[in-house]
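The file final00.cif contains mmCIF, N, CA and C atoms:
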data_run
#
loop_
_atom_site.label_atom_id
_atom_site.label_comp_id
_atom_site.auth_asym_id
_atom_site.auth_seq_id
_atom_site.Cartn_x
_atom_site.Cartn_y
_atom_site.Cartn_z
N MET R 1 0.84 -1.17 0.00
CA MET R 1 0.00 0.00 0.00
C MET R 1 0.89 1.24 0.00
N GLU R 2 0.51 2.17 -0.78
CA GLU R 2 1.29 3.39 -0.94
C GLU R 2 1.06 4.32 0.24
N THR R 3 2.14 4.93 0.72
CA THR R 3 2.03 5.89 1.81
C THR R 3 1.51 7.21 1.26
N LYS R 4 0.46 7.69 1.90
CA LYS R 4 -0.16 8.93 1.45
C LYS R 4 0.45 10.11 2.19
N LYS R 5 0.71 11.17 1.45
CA LYS R 5 1.27 12.38 2.06
C LYS R 5 0.17 13.43 2.12
N TYR R 6 0.01 13.97 3.31
CA TYR R 6 -1.03 14.98 3.53
C TYR R 6 -0.40 16.36 3.56
N SER R 7 -1.15 17.33 3.02
CA SER R 7 -0.65 18.69 3.03
C SER R 7 -1.35 19.55 4.08
N SER R 8 -2.42 18.99 4.67
CA SER R 8 -3.11 19.76 5.72
C SER R 8 -3.82 18.80 6.67
N TYR R 9 -4.17 19.38 7.84
CA TYR R 9 -4.91 18.59 8.82
C TYR R 9 -6.33 18.29 8.34
N ALA R 10 -6.87 19.13 7.48
CA ALA R 10 -8.23 18.93 6.97
C ALA R 10 -8.30 17.65 6.14
N GLU R 11 -7.27 17.36 5.36
CA GLU R 11 -7.22 16.13 4.57
C GLU R 11 -7.17 14.90 5.48
N ILE R 12 -6.39 15.00 6.55
CA ILE R 12 -6.30 13.90 7.52
C ILE R 12 -7.65 13.68 8.18
N GLU R 13 -8.29 14.75 8.59
CA GLU R 13 -9.61 14.65 9.24
C GLU R 13 -10.65 14.06 8.29
N ARG R 14 -10.59 14.46 7.02
CA ARG R 14 -11.54 13.94 6.04
C ARG R 14 -11.36 12.43 5.86
N ASP R 15 -10.10 11.97 5.72
CA ASP R 15 -9.84 10.54 5.57
C ASP R 15 -10.22 9.76 6.83
N LEU R 16 -9.98 10.34 7.98
CA LEU R 16 -10.39 9.68 9.22
C LEU R 16 -11.91 9.56 9.31
N GLU R 17 -12.61 10.57 8.86
CA GLU R 17 -14.08 10.54 8.86
C GLU R 17 -14.58 9.46 7.89
N ILE R 18 -13.95 9.36 6.72
CA ILE R 18 -14.32 8.33 5.75
C ILE R 18 -14.10 6.93 6.34
N LEU R 19 -12.95 6.74 6.98
CA LEU R 19 -12.66 5.45 7.60
C LEU R 19 -13.64 5.12 8.72
N LYS R 20 -14.02 6.14 9.48
CA LYS R 20 -14.97 5.95 10.56
C LYS R 20 -16.33 5.52 10.00
N LEU R 21 -16.77 6.15 8.91
CA LEU R 21 -18.05 5.80 8.30
C LEU R 21 -18.00 4.39 7.68
N GLU R 22 -16.89 4.06 7.05
CA GLU R 22 -16.73 2.71 6.49
C GLU R 22 -16.78 1.65 7.59
N LYS R 23 -16.16 1.96 8.71
CA LYS R 23 -16.16 1.05 9.86
C LYS R 23 -17.59 0.85 10.36
N GLU R 24 -18.35 1.94 10.47
CA GLU R 24 -19.74 1.86 10.94
C GLU R 24 -20.61 1.07 9.97
N ILE R 25 -20.41 1.28 8.67
CA ILE R 25 -21.18 0.54 7.66
C ILE R 25 -20.88 -0.96 7.77
N ASN R 26 -19.61 -1.31 7.88
CA ASN R 26 -19.23 -2.72 8.00
C ASN R 26 -19.79 -3.34 9.28
N TYR R 27 -19.80 -2.58 10.35
CA TYR R 27 -20.35 -3.06 11.61
C TYR R 27 -21.85 -3.33 11.47
N GLN R 28 -22.58 -2.41 10.83
CA GLN R 28 -24.02 -2.57 10.64
C GLN R 28 -24.32 -3.77 9.73
N LYS R 29 -23.49 -3.98 8.71
CA LYS R 29 -23.65 -5.15 7.85
C LYS R 29 -23.47 -6.44 8.66
N MET R 30 -22.49 -6.44 9.55
CA MET R 30 -22.24 -7.62 10.37
C MET R 30 -23.41 -7.87 11.32
N VAL R 31 -23.95 -6.81 11.93
CA VAL R 31 -25.10 -6.94 12.83
C VAL R 31 -26.30 -7.49 12.07
N LEU R 32 -26.56 -6.96 10.88
CA LEU R 32 -27.68 -7.42 10.07
C LEU R 32 -27.51 -8.89 9.68
N SER R 33 -26.32 -9.26 9.30
CA SER R 33 -26.04 -10.65 8.95
C SER R 33 -26.27 -11.57 10.14
N PHE R 34 -25.84 -11.15 11.31
CA PHE R 34 -26.05 -11.94 12.53
C PHE R 34 -27.54 -12.10 12.82
N GLN R 35 -28.30 -11.01 12.68
CA GLN R 35 -29.74 -11.08 12.94
C GLN R 35 -30.43 -12.02 11.96
N LYS R 36 -30.06 -11.96 10.68
CA LYS R 36 -30.66 -12.86 9.70
C LYS R 36 -30.33 -14.31 10.01
N THR R 37 -29.10 -14.55 10.43
CA THR R 37 -28.70 -15.91 10.78
C THR R 37 -29.47 -16.40 11.99
N LYS R 38 -29.62 -15.53 12.98
CA LYS R 38 -30.35 -15.89 14.19
C LYS R 38 -31.81 -16.19 13.88
N GLU R 39 -32.40 -15.41 12.98
CA GLU R 39 -33.80 -15.63 12.61
C GLU R 39 -33.97 -16.91 11.81
N SER R 40 -32.96 -17.28 11.05
CA SER R 40 -33.09 -18.49 10.23
C SER R 40 -32.88 -19.76 11.04
N ILE R 41 -32.31 -19.65 12.23
CA ILE R 41 -32.09 -20.82 13.08
C ILE R 41 -33.17 -20.84 14.16
N THR R 42 -34.37 -21.20 13.73
CA THR R 42 -35.48 -21.37 14.66
C THR R 42 -35.93 -22.83 14.58
N PRO R 43 -36.57 -23.33 15.61
CA PRO R 43 -37.04 -24.72 15.55
C PRO R 43 -37.92 -25.00 14.33
N GLN R 44 -38.77 -24.04 14.00
CA GLN R 44 -39.67 -24.23 12.86
C GLN R 44 -38.89 -24.34 11.56
N SER R 45 -37.90 -23.49 11.36
CA SER R 45 -37.13 -23.55 10.11
C SER R 45 -36.29 -24.82 10.03
N ILE R 46 -35.79 -25.29 11.17
CA ILE R 46 -35.02 -26.53 11.18
C ILE R 46 -35.93 -27.71 10.82
N VAL R 47 -37.11 -27.77 11.43
CA VAL R 47 -38.06 -28.85 11.14
C VAL R 47 -38.49 -28.79 9.68
N ASN R 48 -38.78 -27.59 9.18
CA ASN R 48 -39.18 -27.44 7.78
C ASN R 48 -38.06 -27.91 6.86
N GLY R 49 -36.83 -27.62 7.20
CA GLY R 49 -35.70 -28.05 6.38
C GLY R 49 -35.56 -29.55 6.34
N VAL R 50 -35.75 -30.20 7.49
CA VAL R 50 -35.65 -31.66 7.56
C VAL R 50 -36.78 -32.29 6.75
N PHE R 51 -38.01 -31.82 6.95
CA PHE R 51 -39.14 -32.39 6.23
C PHE R 51 -39.05 -32.14 4.74
N SER R 52 -38.55 -30.99 4.34
CA SER R 52 -38.45 -30.71 2.91
C SER R 52 -37.44 -31.64 2.25
N SER R 53 -36.35 -31.97 2.96
CA SER R 53 -35.37 -32.87 2.36
C SER R 53 -35.94 -34.28 2.24
N TYR R 54 -36.69 -34.75 3.25
CA TYR R 54 -37.33 -36.07 3.16
C TYR R 54 -38.40 -36.07 2.08
N LYS R 55 -39.16 -35.00 2.01
CA LYS R 55 -40.21 -34.89 1.01
C LYS R 55 -39.61 -34.94 -0.39
N GLU R 56 -38.53 -34.23 -0.58
CA GLU R 56 -37.86 -34.21 -1.88
C GLU R 56 -37.36 -35.61 -2.24
N TYR R 57 -36.79 -36.31 -1.26
CA TYR R 57 -36.29 -37.66 -1.50
C TYR R 57 -37.45 -38.60 -1.83
N PHE R 58 -38.54 -38.51 -1.08
CA PHE R 58 -39.68 -39.39 -1.29
C PHE R 58 -40.29 -39.17 -2.67
N PHE R 59 -40.52 -37.92 -3.05
CA PHE R 59 -41.16 -37.66 -4.33
C PHE R 59 -40.24 -37.95 -5.51
N SER R 60 -38.93 -37.90 -5.31
CA SER R 60 -38.04 -38.25 -6.40
C SER R 60 -37.99 -39.76 -6.59
N SER R 61 -38.21 -40.54 -5.52
CA SER R 61 -38.20 -42.00 -5.62
C SER R 61 -39.62 -42.57 -5.68
N TYR R 62 -40.63 -41.74 -5.70
CA TYR R 62 -42.02 -42.18 -5.72
C TYR R 62 -42.32 -43.09 -6.91
N PRO R 63 -41.92 -42.77 -8.13
CA PRO R 63 -42.22 -43.68 -9.26
C PRO R 63 -41.61 -45.07 -9.07
N GLN R 64 -40.42 -45.16 -8.53
CA GLN R 64 -39.79 -46.46 -8.30
C GLN R 64 -40.55 -47.25 -7.25
N ILE R 65 -40.98 -46.58 -6.18
CA ILE R 65 -41.76 -47.24 -5.13
C ILE R 65 -43.08 -47.74 -5.71
N LEU R 66 -43.73 -46.91 -6.49
CA LEU R 66 -45.01 -47.27 -7.09
C LEU R 66 -44.86 -48.45 -8.04
N GLN R 67 -43.81 -48.48 -8.84
CA GLN R 67 -43.58 -49.59 -9.77
C GLN R 67 -43.35 -50.90 -9.03
N SER R 68 -42.73 -50.86 -7.88
CA SER R 68 -42.47 -52.09 -7.15
C SER R 68 -43.69 -52.57 -6.37
N ILE R 69 -44.57 -51.67 -5.96
CA ILE R 69 -45.73 -52.04 -5.16
C ILE R 69 -46.95 -52.33 -6.02
N LEU R 70 -47.05 -51.72 -7.17
CA LEU R 70 -48.24 -51.83 -8.02
C LEU R 70 -48.60 -53.27 -8.37
N PRO R 71 -47.69 -54.15 -8.74
CA PRO R 71 -48.08 -55.54 -9.05
C PRO R 71 -48.75 -56.24 -7.86
N TYR R 72 -48.27 -56.01 -6.65
CA TYR R 72 -48.87 -56.62 -5.47
C TYR R 72 -50.30 -56.12 -5.23
N ILE R 73 -50.50 -54.84 -5.46
CA ILE R 73 -51.84 -54.25 -5.29
C ILE R 73 -52.80 -54.82 -6.32
N ILE R 74 -52.36 -54.96 -7.57
CA ILE R 74 -53.21 -55.51 -8.63
C ILE R 74 -53.57 -56.96 -8.30
N ASN R 75 -52.59 -57.75 -7.89
CA ASN R 75 -52.87 -59.14 -7.53
C ASN R 75 -53.85 -59.22 -6.36
N TRP R 76 -53.72 -58.34 -5.40
CA TRP R 76 -54.63 -58.34 -4.26
C TRP R 76 -56.07 -58.07 -4.70
N PHE R 77 -56.24 -57.08 -5.62
CA PHE R 77 -57.59 -56.78 -6.12
C PHE R 77 -58.15 -57.95 -6.93
N ILE R 78 -57.31 -58.58 -7.74
CA ILE R 78 -57.77 -59.72 -8.54
C ILE R 78 -58.22 -60.85 -7.62
N LYS R 79 -57.43 -61.15 -6.60
CA LYS R 79 -57.79 -62.22 -5.67
C LYS R 79 -59.05 -61.88 -4.90
N LYS R 80 -59.22 -60.63 -4.54
CA LYS R 80 -60.40 -60.19 -3.81
C LYS R 80 -61.65 -60.31 -4.69
N LYS R 81 -61.51 -59.97 -5.95
CA LYS R 81 -62.64 -60.04 -6.88
C LYS R 81 -63.05 -61.49 -7.13
N ARG R 82 -62.07 -62.40 -7.15
CA ARG R 82 -62.38 -63.81 -7.38
C ARG R 82 -62.91 -64.47 -6.11
N GLY R 83 -62.73 -63.83 -4.99
CA GLY R 83 -63.23 -64.36 -3.73
C GLY R 83 -62.26 -65.27 -3.01
N LYS R 84 -61.02 -65.14 -3.26
CA LYS R 84 -60.03 -65.98 -2.60
C LYS R 84 -59.47 -65.33 -1.38
#

Write the structure described by the file as structure tokens, please.
Amino acid sequence: METKKYSSYAEIERDLEILKLEKEINYQKMVLSFQKTKESITPQSIVNGVFSSYKEYFFSSYPQILQSILPYIINWFIKKKRGK
């Protein structure tokens, strides 16, 4: 980083004020990020996340489950209709 040369105290004060404002902005961003993280870690959001992952897994494998169970269901109806 290049060393900056100042010609007056006003320039130093201006840069210090800019740095102070940048520091405050970064601090507020960090506080906001923390609040969003805290709000996202609630029991309801955790439960919703778990159920959504199981739901996604179940519905993606649903056709395979149906294909394996469907012959048994058809045979059961046929046997029931014949009275066995």

| task | Take atom CA of Tyr9 of chain R and atom C of Ile25 of chain R and report the distance between them in Å, one decimal. | result |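 About the pair atom CA of Tyr9 of chain R and atom C of Ile25 of chain R: they are 25.3 Å apart.
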
| request: Tell me, in Å to one decimal, how far atom CA of Tyr62 of chain R is from atom CA of Val47 of chain R. | output: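 Atom-to-atom, atom CA of Tyr62 of chain R to atom CA of Val47 of chain R, that is 21.9 Å.
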
| query | Which distance in Å separates atom C of Val31 of chain R and atom C of Leu19 of chain R, to one decimal? | reply |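 Going from atom C of Val31 of chain R over to atom C of Leu19 of chain R covers 18.2 Å.
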